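With compact mmCIF, N, CA and C atoms and all ligand atoms inside, this is coords_25.txt:
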# COMPACT_ATOMS: atom_id res chain seq x y z
N MET A 1 0.17 9.17 -52.77
CA MET A 1 -1.00 9.66 -52.04
C MET A 1 -0.81 9.44 -50.54
N GLU A 2 -1.11 10.45 -49.77
CA GLU A 2 -0.91 10.37 -48.32
C GLU A 2 -1.73 9.22 -47.72
N GLY A 3 -1.07 8.45 -46.86
CA GLY A 3 -1.78 7.36 -46.19
C GLY A 3 -1.78 6.07 -46.98
N CYS A 4 -1.22 6.08 -48.18
CA CYS A 4 -1.20 4.85 -49.00
C CYS A 4 0.11 4.11 -48.76
N VAL A 5 0.03 2.89 -48.24
CA VAL A 5 1.25 2.16 -47.90
C VAL A 5 2.08 1.85 -49.14
N PHE A 6 1.45 1.61 -50.28
CA PHE A 6 2.25 1.30 -51.47
C PHE A 6 2.92 2.57 -52.03
N CYS A 7 2.29 3.72 -51.89
CA CYS A 7 2.98 4.97 -52.23
C CYS A 7 4.20 5.16 -51.33
N ARG A 8 4.05 4.77 -50.08
CA ARG A 8 5.17 4.92 -49.13
C ARG A 8 6.29 3.93 -49.44
N ILE A 9 5.93 2.74 -49.92
CA ILE A 9 6.95 1.77 -50.34
C ILE A 9 7.68 2.30 -51.59
N VAL A 10 6.89 2.80 -52.55
CA VAL A 10 7.47 3.36 -53.78
C VAL A 10 8.44 4.50 -53.44
N ALA A 11 8.07 5.32 -52.45
CA ALA A 11 8.90 6.47 -52.04
C ALA A 11 10.03 6.05 -51.10
N LYS A 12 10.09 4.74 -50.77
CA LYS A 12 11.10 4.18 -49.86
C LYS A 12 10.98 4.75 -48.44
N GLU A 13 9.78 5.15 -48.08
CA GLU A 13 9.52 5.57 -46.69
C GLU A 13 9.19 4.36 -45.84
N VAL A 14 8.70 3.31 -46.49
CA VAL A 14 8.44 2.02 -45.83
C VAL A 14 9.34 1.01 -46.51
N GLN A 15 10.01 0.20 -45.69
CA GLN A 15 10.98 -0.76 -46.21
C GLN A 15 10.26 -1.93 -46.90
N SER A 16 10.86 -2.41 -47.98
CA SER A 16 10.36 -3.63 -48.63
C SER A 16 11.53 -4.28 -49.34
N LYS A 17 11.32 -5.53 -49.71
CA LYS A 17 12.36 -6.25 -50.46
C LYS A 17 12.05 -6.07 -51.95
N ILE A 18 12.77 -5.14 -52.55
CA ILE A 18 12.46 -4.77 -53.94
C ILE A 18 13.08 -5.78 -54.91
N ALA A 19 12.26 -6.23 -55.86
CA ALA A 19 12.72 -7.20 -56.86
C ALA A 19 13.03 -6.53 -58.19
N TYR A 20 12.40 -5.39 -58.42
CA TYR A 20 12.59 -4.68 -59.70
C TYR A 20 12.06 -3.27 -59.52
N GLU A 21 12.71 -2.31 -60.18
CA GLU A 21 12.13 -0.97 -60.23
C GLU A 21 12.64 -0.23 -61.46
N ASP A 22 11.80 0.62 -61.99
CA ASP A 22 12.21 1.54 -63.04
C ASP A 22 11.44 2.84 -62.84
N GLU A 23 11.41 3.67 -63.85
CA GLU A 23 10.79 5.00 -63.68
C GLU A 23 9.27 4.95 -63.53
N GLU A 24 8.67 3.81 -63.86
CA GLU A 24 7.20 3.74 -63.84
C GLU A 24 6.63 2.72 -62.86
N VAL A 25 7.44 1.70 -62.55
CA VAL A 25 6.93 0.52 -61.85
C VAL A 25 7.90 0.10 -60.76
N VAL A 26 7.36 -0.38 -59.64
CA VAL A 26 8.19 -0.99 -58.58
C VAL A 26 7.59 -2.37 -58.27
N ALA A 27 8.45 -3.36 -58.09
CA ALA A 27 7.99 -4.71 -57.72
C ALA A 27 8.72 -5.12 -56.44
N PHE A 28 7.95 -5.65 -55.49
CA PHE A 28 8.55 -6.03 -54.20
C PHE A 28 7.86 -7.28 -53.67
N HIS A 29 8.55 -7.98 -52.77
CA HIS A 29 8.03 -9.22 -52.21
C HIS A 29 6.87 -8.91 -51.26
N ASP A 30 5.80 -9.70 -51.38
CA ASP A 30 4.64 -9.53 -50.51
C ASP A 30 5.03 -9.85 -49.07
N VAL A 31 4.55 -9.06 -48.13
CA VAL A 31 4.88 -9.24 -46.71
C VAL A 31 4.22 -10.52 -46.15
N ASN A 32 3.18 -10.99 -46.82
CA ASN A 32 2.44 -12.16 -46.35
C ASN A 32 2.29 -13.15 -47.52
N PRO A 33 3.40 -13.79 -47.90
CA PRO A 33 3.41 -14.57 -49.14
C PRO A 33 2.46 -15.76 -49.13
N GLN A 34 1.76 -15.92 -50.25
CA GLN A 34 0.80 -17.02 -50.41
C GLN A 34 1.37 -18.13 -51.28
N ALA A 35 2.62 -18.00 -51.66
CA ALA A 35 3.30 -19.00 -52.50
C ALA A 35 4.79 -18.75 -52.35
N PRO A 36 5.63 -19.73 -52.73
CA PRO A 36 7.08 -19.53 -52.62
C PRO A 36 7.56 -18.26 -53.35
N VAL A 37 6.93 -17.97 -54.49
CA VAL A 37 7.18 -16.69 -55.17
C VAL A 37 5.90 -15.86 -55.04
N HIS A 38 5.99 -14.71 -54.42
CA HIS A 38 4.83 -13.82 -54.32
C HIS A 38 5.34 -12.38 -54.34
N ILE A 39 5.24 -11.80 -55.52
CA ILE A 39 5.74 -10.44 -55.76
C ILE A 39 4.54 -9.55 -56.11
N LEU A 40 4.60 -8.32 -55.66
CA LEU A 40 3.59 -7.32 -56.02
C LEU A 40 4.21 -6.32 -56.99
N ILE A 41 3.55 -6.13 -58.12
CA ILE A 41 4.04 -5.19 -59.12
C ILE A 41 3.10 -3.99 -59.09
N VAL A 42 3.64 -2.83 -58.78
CA VAL A 42 2.80 -1.64 -58.60
C VAL A 42 3.33 -0.50 -59.46
N PRO A 43 2.42 0.33 -59.97
CA PRO A 43 2.86 1.54 -60.67
C PRO A 43 3.26 2.60 -59.65
N ARG A 44 4.21 3.44 -60.00
CA ARG A 44 4.53 4.57 -59.11
C ARG A 44 3.32 5.51 -59.00
N LYS A 45 2.56 5.60 -60.08
CA LYS A 45 1.35 6.44 -60.08
C LYS A 45 0.29 5.81 -59.18
N HIS A 46 -0.33 6.62 -58.34
CA HIS A 46 -1.38 6.11 -57.46
C HIS A 46 -2.69 5.97 -58.24
N ILE A 47 -3.08 4.73 -58.51
CA ILE A 47 -4.38 4.42 -59.11
C ILE A 47 -5.06 3.51 -58.10
N PRO A 48 -6.17 3.91 -57.49
CA PRO A 48 -6.74 3.11 -56.40
C PRO A 48 -7.16 1.70 -56.82
N THR A 49 -7.91 1.59 -57.91
CA THR A 49 -8.39 0.28 -58.36
C THR A 49 -8.35 0.26 -59.88
N LEU A 50 -8.51 -0.92 -60.46
CA LEU A 50 -8.54 -1.01 -61.93
C LEU A 50 -9.69 -0.18 -62.48
N ASN A 51 -10.76 -0.02 -61.71
CA ASN A 51 -11.89 0.80 -62.16
C ASN A 51 -11.49 2.26 -62.39
N ASP A 52 -10.39 2.68 -61.76
CA ASP A 52 -9.96 4.08 -61.88
C ASP A 52 -8.96 4.30 -63.00
N ALA A 53 -8.52 3.22 -63.66
CA ALA A 53 -7.56 3.37 -64.76
C ALA A 53 -8.25 4.03 -65.95
N VAL A 54 -7.47 4.82 -66.69
CA VAL A 54 -8.02 5.53 -67.86
C VAL A 54 -7.17 5.18 -69.09
N ASP A 55 -7.64 5.64 -70.23
CA ASP A 55 -6.95 5.29 -71.49
C ASP A 55 -5.45 5.57 -71.43
N GLU A 56 -5.07 6.66 -70.80
CA GLU A 56 -3.64 7.02 -70.77
C GLU A 56 -2.81 6.05 -69.92
N ASP A 57 -3.47 5.20 -69.17
CA ASP A 57 -2.75 4.20 -68.36
C ASP A 57 -2.51 2.89 -69.12
N GLN A 58 -2.94 2.84 -70.38
CA GLN A 58 -2.86 1.59 -71.13
C GLN A 58 -1.44 1.02 -71.17
N ALA A 59 -0.46 1.85 -71.50
CA ALA A 59 0.92 1.37 -71.61
C ALA A 59 1.45 0.95 -70.23
N LEU A 60 1.05 1.69 -69.21
CA LEU A 60 1.50 1.38 -67.85
C LEU A 60 0.97 0.00 -67.41
N LEU A 61 -0.28 -0.27 -67.71
CA LEU A 61 -0.86 -1.57 -67.34
C LEU A 61 -0.17 -2.69 -68.11
N GLY A 62 0.13 -2.44 -69.37
CA GLY A 62 0.86 -3.44 -70.16
C GLY A 62 2.26 -3.66 -69.62
N LYS A 63 2.88 -2.60 -69.19
CA LYS A 63 4.23 -2.69 -68.61
C LYS A 63 4.22 -3.58 -67.37
N MET A 64 3.19 -3.44 -66.54
CA MET A 64 3.11 -4.27 -65.33
C MET A 64 3.11 -5.76 -65.72
N MET A 65 2.41 -6.09 -66.78
CA MET A 65 2.37 -7.49 -67.23
C MET A 65 3.75 -7.95 -67.70
N LEU A 66 4.44 -7.08 -68.43
CA LEU A 66 5.76 -7.48 -68.96
C LEU A 66 6.80 -7.56 -67.84
N VAL A 67 6.65 -6.72 -66.81
CA VAL A 67 7.54 -6.84 -65.65
C VAL A 67 7.27 -8.18 -64.95
N ALA A 68 6.01 -8.57 -64.86
CA ALA A 68 5.67 -9.86 -64.26
C ALA A 68 6.32 -11.00 -65.06
N GLN A 69 6.23 -10.92 -66.37
CA GLN A 69 6.85 -11.95 -67.22
C GLN A 69 8.36 -12.04 -66.98
N LYS A 70 9.00 -10.89 -66.92
CA LYS A 70 10.46 -10.84 -66.70
C LYS A 70 10.82 -11.44 -65.33
N LEU A 71 10.06 -11.06 -64.30
CA LEU A 71 10.36 -11.58 -62.96
C LEU A 71 10.07 -13.08 -62.88
N ALA A 72 9.02 -13.52 -63.55
CA ALA A 72 8.71 -14.96 -63.55
C ALA A 72 9.89 -15.74 -64.14
N ARG A 73 10.48 -15.20 -65.19
CA ARG A 73 11.67 -15.85 -65.78
C ARG A 73 12.83 -15.84 -64.79
N GLU A 74 13.09 -14.67 -64.23
CA GLU A 74 14.24 -14.52 -63.31
C GLU A 74 14.09 -15.41 -62.08
N LEU A 75 12.86 -15.60 -61.63
CA LEU A 75 12.62 -16.38 -60.41
C LEU A 75 12.30 -17.84 -60.72
N SER A 76 12.50 -18.22 -61.99
CA SER A 76 12.42 -19.62 -62.42
C SER A 76 11.05 -20.26 -62.25
N VAL A 77 10.00 -19.46 -62.47
CA VAL A 77 8.65 -20.03 -62.45
C VAL A 77 7.95 -19.90 -63.81
N ALA A 78 8.66 -19.33 -64.78
CA ALA A 78 8.02 -19.09 -66.09
C ALA A 78 7.58 -20.40 -66.73
N ASP A 79 8.40 -21.43 -66.62
CA ASP A 79 8.07 -22.71 -67.28
C ASP A 79 7.15 -23.57 -66.41
N SER A 80 7.37 -23.58 -65.13
CA SER A 80 6.52 -24.41 -64.25
C SER A 80 5.11 -23.84 -64.15
N GLY A 81 5.00 -22.52 -64.23
CA GLY A 81 3.69 -21.88 -64.23
C GLY A 81 3.58 -20.84 -63.13
N TYR A 82 2.84 -19.81 -63.43
CA TYR A 82 2.63 -18.76 -62.45
C TYR A 82 1.26 -18.15 -62.68
N ARG A 83 0.79 -17.47 -61.66
CA ARG A 83 -0.54 -16.85 -61.73
C ARG A 83 -0.42 -15.35 -61.46
N LEU A 84 -1.10 -14.56 -62.27
CA LEU A 84 -1.19 -13.12 -62.04
C LEU A 84 -2.59 -12.81 -61.54
N VAL A 85 -2.65 -12.05 -60.45
CA VAL A 85 -3.94 -11.72 -59.83
C VAL A 85 -4.02 -10.22 -59.63
N LEU A 86 -5.15 -9.64 -60.00
CA LEU A 86 -5.37 -8.21 -59.75
C LEU A 86 -6.75 -8.08 -59.11
N ASN A 87 -6.76 -8.04 -57.79
CA ASN A 87 -8.02 -7.95 -57.06
C ASN A 87 -8.58 -6.53 -57.20
N THR A 88 -9.86 -6.46 -57.48
CA THR A 88 -10.50 -5.15 -57.63
C THR A 88 -11.69 -5.03 -56.70
N ASN A 89 -11.50 -4.17 -55.71
CA ASN A 89 -12.50 -3.88 -54.67
C ASN A 89 -12.63 -5.01 -53.65
N ARG A 90 -13.28 -4.69 -52.55
CA ARG A 90 -13.24 -5.57 -51.38
C ARG A 90 -13.83 -6.94 -51.64
N GLY A 91 -14.87 -7.00 -52.46
CA GLY A 91 -15.52 -8.28 -52.75
C GLY A 91 -14.58 -9.27 -53.42
N ALA A 92 -13.57 -8.75 -54.09
CA ALA A 92 -12.58 -9.61 -54.75
C ALA A 92 -11.34 -9.82 -53.88
N GLY A 93 -11.32 -9.18 -52.70
CA GLY A 93 -10.19 -9.37 -51.80
C GLY A 93 -9.18 -8.25 -51.80
N GLN A 94 -9.48 -7.14 -52.49
CA GLN A 94 -8.51 -6.03 -52.47
C GLN A 94 -8.49 -5.39 -51.09
N SER A 95 -7.29 -5.27 -50.53
CA SER A 95 -7.16 -4.66 -49.20
C SER A 95 -6.28 -3.41 -49.24
N VAL A 96 -5.45 -3.27 -50.27
CA VAL A 96 -4.64 -2.06 -50.43
C VAL A 96 -5.11 -1.36 -51.70
N PHE A 97 -5.55 -0.11 -51.54
CA PHE A 97 -6.20 0.58 -52.65
C PHE A 97 -5.20 1.44 -53.42
N HIS A 98 -4.20 0.73 -53.94
CA HIS A 98 -3.22 1.23 -54.91
C HIS A 98 -3.01 0.02 -55.81
N ILE A 99 -3.41 0.15 -57.05
CA ILE A 99 -3.46 -1.00 -57.96
C ILE A 99 -2.15 -1.81 -57.89
N HIS A 100 -2.27 -3.13 -57.90
CA HIS A 100 -1.09 -3.99 -57.84
C HIS A 100 -1.42 -5.34 -58.47
N LEU A 101 -0.41 -5.88 -59.13
CA LEU A 101 -0.51 -7.18 -59.76
C LEU A 101 0.26 -8.16 -58.89
N HIS A 102 -0.44 -9.22 -58.43
CA HIS A 102 0.25 -10.27 -57.69
C HIS A 102 0.87 -11.24 -58.70
N LEU A 103 2.15 -11.54 -58.52
CA LEU A 103 2.81 -12.62 -59.27
C LEU A 103 3.04 -13.75 -58.28
N LEU A 104 2.35 -14.87 -58.54
CA LEU A 104 2.41 -16.03 -57.63
C LEU A 104 2.98 -17.22 -58.38
N GLY A 105 3.91 -17.92 -57.77
CA GLY A 105 4.48 -19.09 -58.43
C GLY A 105 5.21 -19.98 -57.44
N GLY A 106 5.66 -21.11 -57.94
CA GLY A 106 6.45 -22.02 -57.12
C GLY A 106 5.64 -23.08 -56.42
N ARG A 107 4.36 -23.14 -56.71
CA ARG A 107 3.52 -24.22 -56.20
C ARG A 107 2.39 -24.46 -57.19
N LEU A 108 1.60 -25.52 -56.95
CA LEU A 108 0.47 -25.82 -57.82
C LEU A 108 -0.71 -24.92 -57.45
N PHE A 109 -1.37 -24.38 -58.44
CA PHE A 109 -2.56 -23.55 -58.22
C PHE A 109 -3.79 -24.26 -58.74
N HIS A 110 -4.87 -24.09 -58.04
CA HIS A 110 -6.11 -24.76 -58.42
C HIS A 110 -7.08 -23.77 -59.07
N TRP A 111 -8.06 -24.31 -59.74
CA TRP A 111 -9.08 -23.50 -60.38
C TRP A 111 -10.43 -24.15 -60.15
N PRO A 112 -11.47 -23.44 -59.77
CA PRO A 112 -11.49 -21.99 -59.61
C PRO A 112 -10.77 -21.54 -58.35
N PRO A 113 -10.30 -20.28 -58.34
CA PRO A 113 -9.64 -19.76 -57.15
C PRO A 113 -10.66 -19.58 -56.04
N GLY A 114 -10.21 -19.52 -54.81
CA GLY A 114 -11.12 -19.39 -53.67
C GLY A 114 -11.73 -18.01 -53.56
P1 LIG B 1 -4.74 -7.25 -52.01
O1 LIG B 1 -5.44 -8.10 -50.99
O2 LIG B 1 -4.93 -7.75 -53.43
O3 LIG B 1 -5.06 -5.79 -51.86
O4 LIG B 1 -3.20 -7.45 -51.71
C1 LIG B 1 -2.48 -6.64 -50.83
C2 LIG B 1 -1.21 -7.36 -50.52
O5 LIG B 1 -0.31 -6.41 -50.02
C3 LIG B 1 -1.32 -8.45 -49.47
O6 LIG B 1 -0.99 -9.71 -50.06
C4 LIG B 1 -0.33 -8.07 -48.39
C5 LIG B 1 0.52 -7.01 -49.06
N1 LIG B 1 0.98 -5.96 -48.20
C6 LIG B 1 0.19 -5.14 -47.44
N2 LIG B 1 0.96 -4.26 -46.79
C7 LIG B 1 2.24 -4.51 -47.15
C8 LIG B 1 3.49 -3.92 -46.80
O7 LIG B 1 3.59 -2.97 -46.04
N3 LIG B 1 4.60 -4.46 -47.37
C9 LIG B 1 4.53 -5.51 -48.26
N4 LIG B 1 5.69 -5.96 -48.75
N5 LIG B 1 3.38 -6.08 -48.60
C10 LIG B 1 2.25 -5.59 -48.06
I'd like the structure from this file rewritten - as structure tokens, please.
Amino acid sequence: MEGCVFCRIVAKEVQSKIAYEDEEVVAFHDVNPQAPVHILIVPRKHIPTLNDAVDEDQALLGKMMLVAQKLARELSVADSGYRLVLNTNRGAGQSVFHIHLHLLGGRLFHWPPG
């Protein structure tokens, strides 16, 4: 989608440090990391928020979770622990309106989140 920075990253028009990609999903390092491991897992398909996902996106959403699991293993945070975050709308902290799963690891996380 025009004007969407994550669409531009997926299209390689904007540079990023890619950790994983396949025909459906791209994962890249967050430009402003909040933990030693901070990867964003995004679908190639432009879905603005989780509220916009539909039944046909079910497998894609599941795939994002499994890519997170694979990267957590590869980046050696699977056993120590990691957090997956999917902010939906501004009140939850969403600032880029192309759905993305944050994979955070490599430090201790507290609950409740801020
Ligand atoms: P959220 O607040 O949940 O919408 O998270 C958006 C994240 O995207 C935020 O942690 C910073 C990251 N981000 C924004 N623009 C860019 C960019 O151009 N490149 C990369 N690598 N990350 C970005």
Tell me which of A:Pro33, A:Gly114, A:Gly105, A:Gly3 sits closest to A:Arg83, counting all atoms listed in the file.
A:Gly105
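Proximity to A:Tyr20 was assessed for A:Ala78, A:Leu71, A:Cys7, A:Leu84 counting all atoms listed in the file; the smallest distance is recorded for A:Leu71.
Coordinates place atom CA of A:Asp52 at a distance of 24.3 Å from atom CA of A:Pro113.
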Within 5 Å of ligand LIG 1 (chain B), counting all atoms listed in the file, which protein or nucleic acid residues do you find, written as an MDAnalysis selection string?
chainID A and resid 29:32 87 93:96
I'd like the contact shell of A:Met1 - 8 Å cut-off, all atoms listed in the file, skipping same-chain residues fewer than 5 positions apart - returned as a PyMOL selection string.
chain A and resi 6-8+44-47
For the selection you just gave me, I'd like the residues written to a file as a PDB file, in the frame of the given file, keeping N, CA and C atoms.
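As a result, again34.pdb now contains:
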ATOM      1  N   PHE A   6       1.450   1.610 -50.280  1.00  0.00           N
ATOM      2  CA  PHE A   6       2.250   1.300 -51.470  1.00  0.00           C
ATOM      3  C   PHE A   6       2.920   2.570 -52.030  1.00  0.00           C
ATOM      4  N   CYS A   7       2.290   3.720 -51.890  1.00  0.00           N
ATOM      5  CA  CYS A   7       2.980   4.970 -52.230  1.00  0.00           C
ATOM      6  C   CYS A   7       4.200   5.160 -51.330  1.00  0.00           C
ATOM      7  N   ARG A   8       4.050   4.770 -50.080  1.00  0.00           N
ATOM      8  CA  ARG A   8       5.170   4.920 -49.130  1.00  0.00           C
ATOM      9  C   ARG A   8       6.290   3.930 -49.440  1.00  0.00           C
ATOM     10  N   ARG A  44       4.210   3.440 -60.000  1.00  0.00           N
ATOM     11  CA  ARG A  44       4.530   4.570 -59.110  1.00  0.00           C
ATOM     12  C   ARG A  44       3.320   5.510 -59.000  1.00  0.00           C
ATOM     13  N   LYS A  45       2.560   5.600 -60.080  1.00  0.00           N
ATOM     14  CA  LYS A  45       1.350   6.440 -60.080  1.00  0.00           C
ATOM     15  C   LYS A  45       0.290   5.810 -59.180  1.00  0.00           C
ATOM     16  N   HIS A  46      -0.330   6.620 -58.340  1.00  0.00           N
ATOM     17  CA  HIS A  46      -1.380   6.110 -57.460  1.00  0.00           C
ATOM     18  C   HIS A  46      -2.690   5.970 -58.240  1.00  0.00           C
ATOM     19  N   ILE A  47      -3.080   4.730 -58.510  1.00  0.00           N
ATOM     20  CA  ILE A  47      -4.380   4.420 -59.110  1.00  0.00           C
ATOM     21  C   ILE A  47      -5.060   3.510 -58.100  1.00  0.00           C
TER      22      ILE A  47
END
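Take atom C of A:Lys12 and atom N of A:Pro48: the distance between them is 19.4 Å.
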Let me make sure I understand: among A:Gly106, A:Gly81, A:Pro112, A:Gly62, which one has the smallest atom-to-atom distance to A:Pro36 if we use only C-alpha atoms?
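Smallest distance to A:Pro36 is found for A:Gly106.
Distance-wise, atom CA of A:Val5 and atom CA of A:Val42 end up 11.5 Å apart.
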List every residue of chain A that DSSP, applied to the backbone, labels as helix (DSSP H, G or I), and write the result as JSON, numbers by chain.
{"A": [5, 6, 7, 8, 9, 10, 50, 51, 52, 55, 56, 57, 58, 59, 60, 61, 62, 63, 64, 65, 66, 67, 68, 69, 70, 71, 72, 73, 74, 90, 91, 92]}
Using only C-alpha atoms, which of A:Leu103, A:Arg90, A:Ile41, A:His98 sits nearest A:Ile18?
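Ranked by minimum distance to A:Ile18, first place goes to A:Ile41.
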So that I can check the surroundings of A:Lys63, please list as a ChimeraX atom specification every protein, DNA and RNA residue that reaches within 8 Å of it, counting all atoms listed in the file and ignoring chain neighbours fewer than 6 positions away.
/A:25,57,69
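Using only N, CA and C atoms, the shortest contact distance between A:Ala68 and any of A:Asn51, A:Val37, A:Asn89, A:His102 is found at A:His102.
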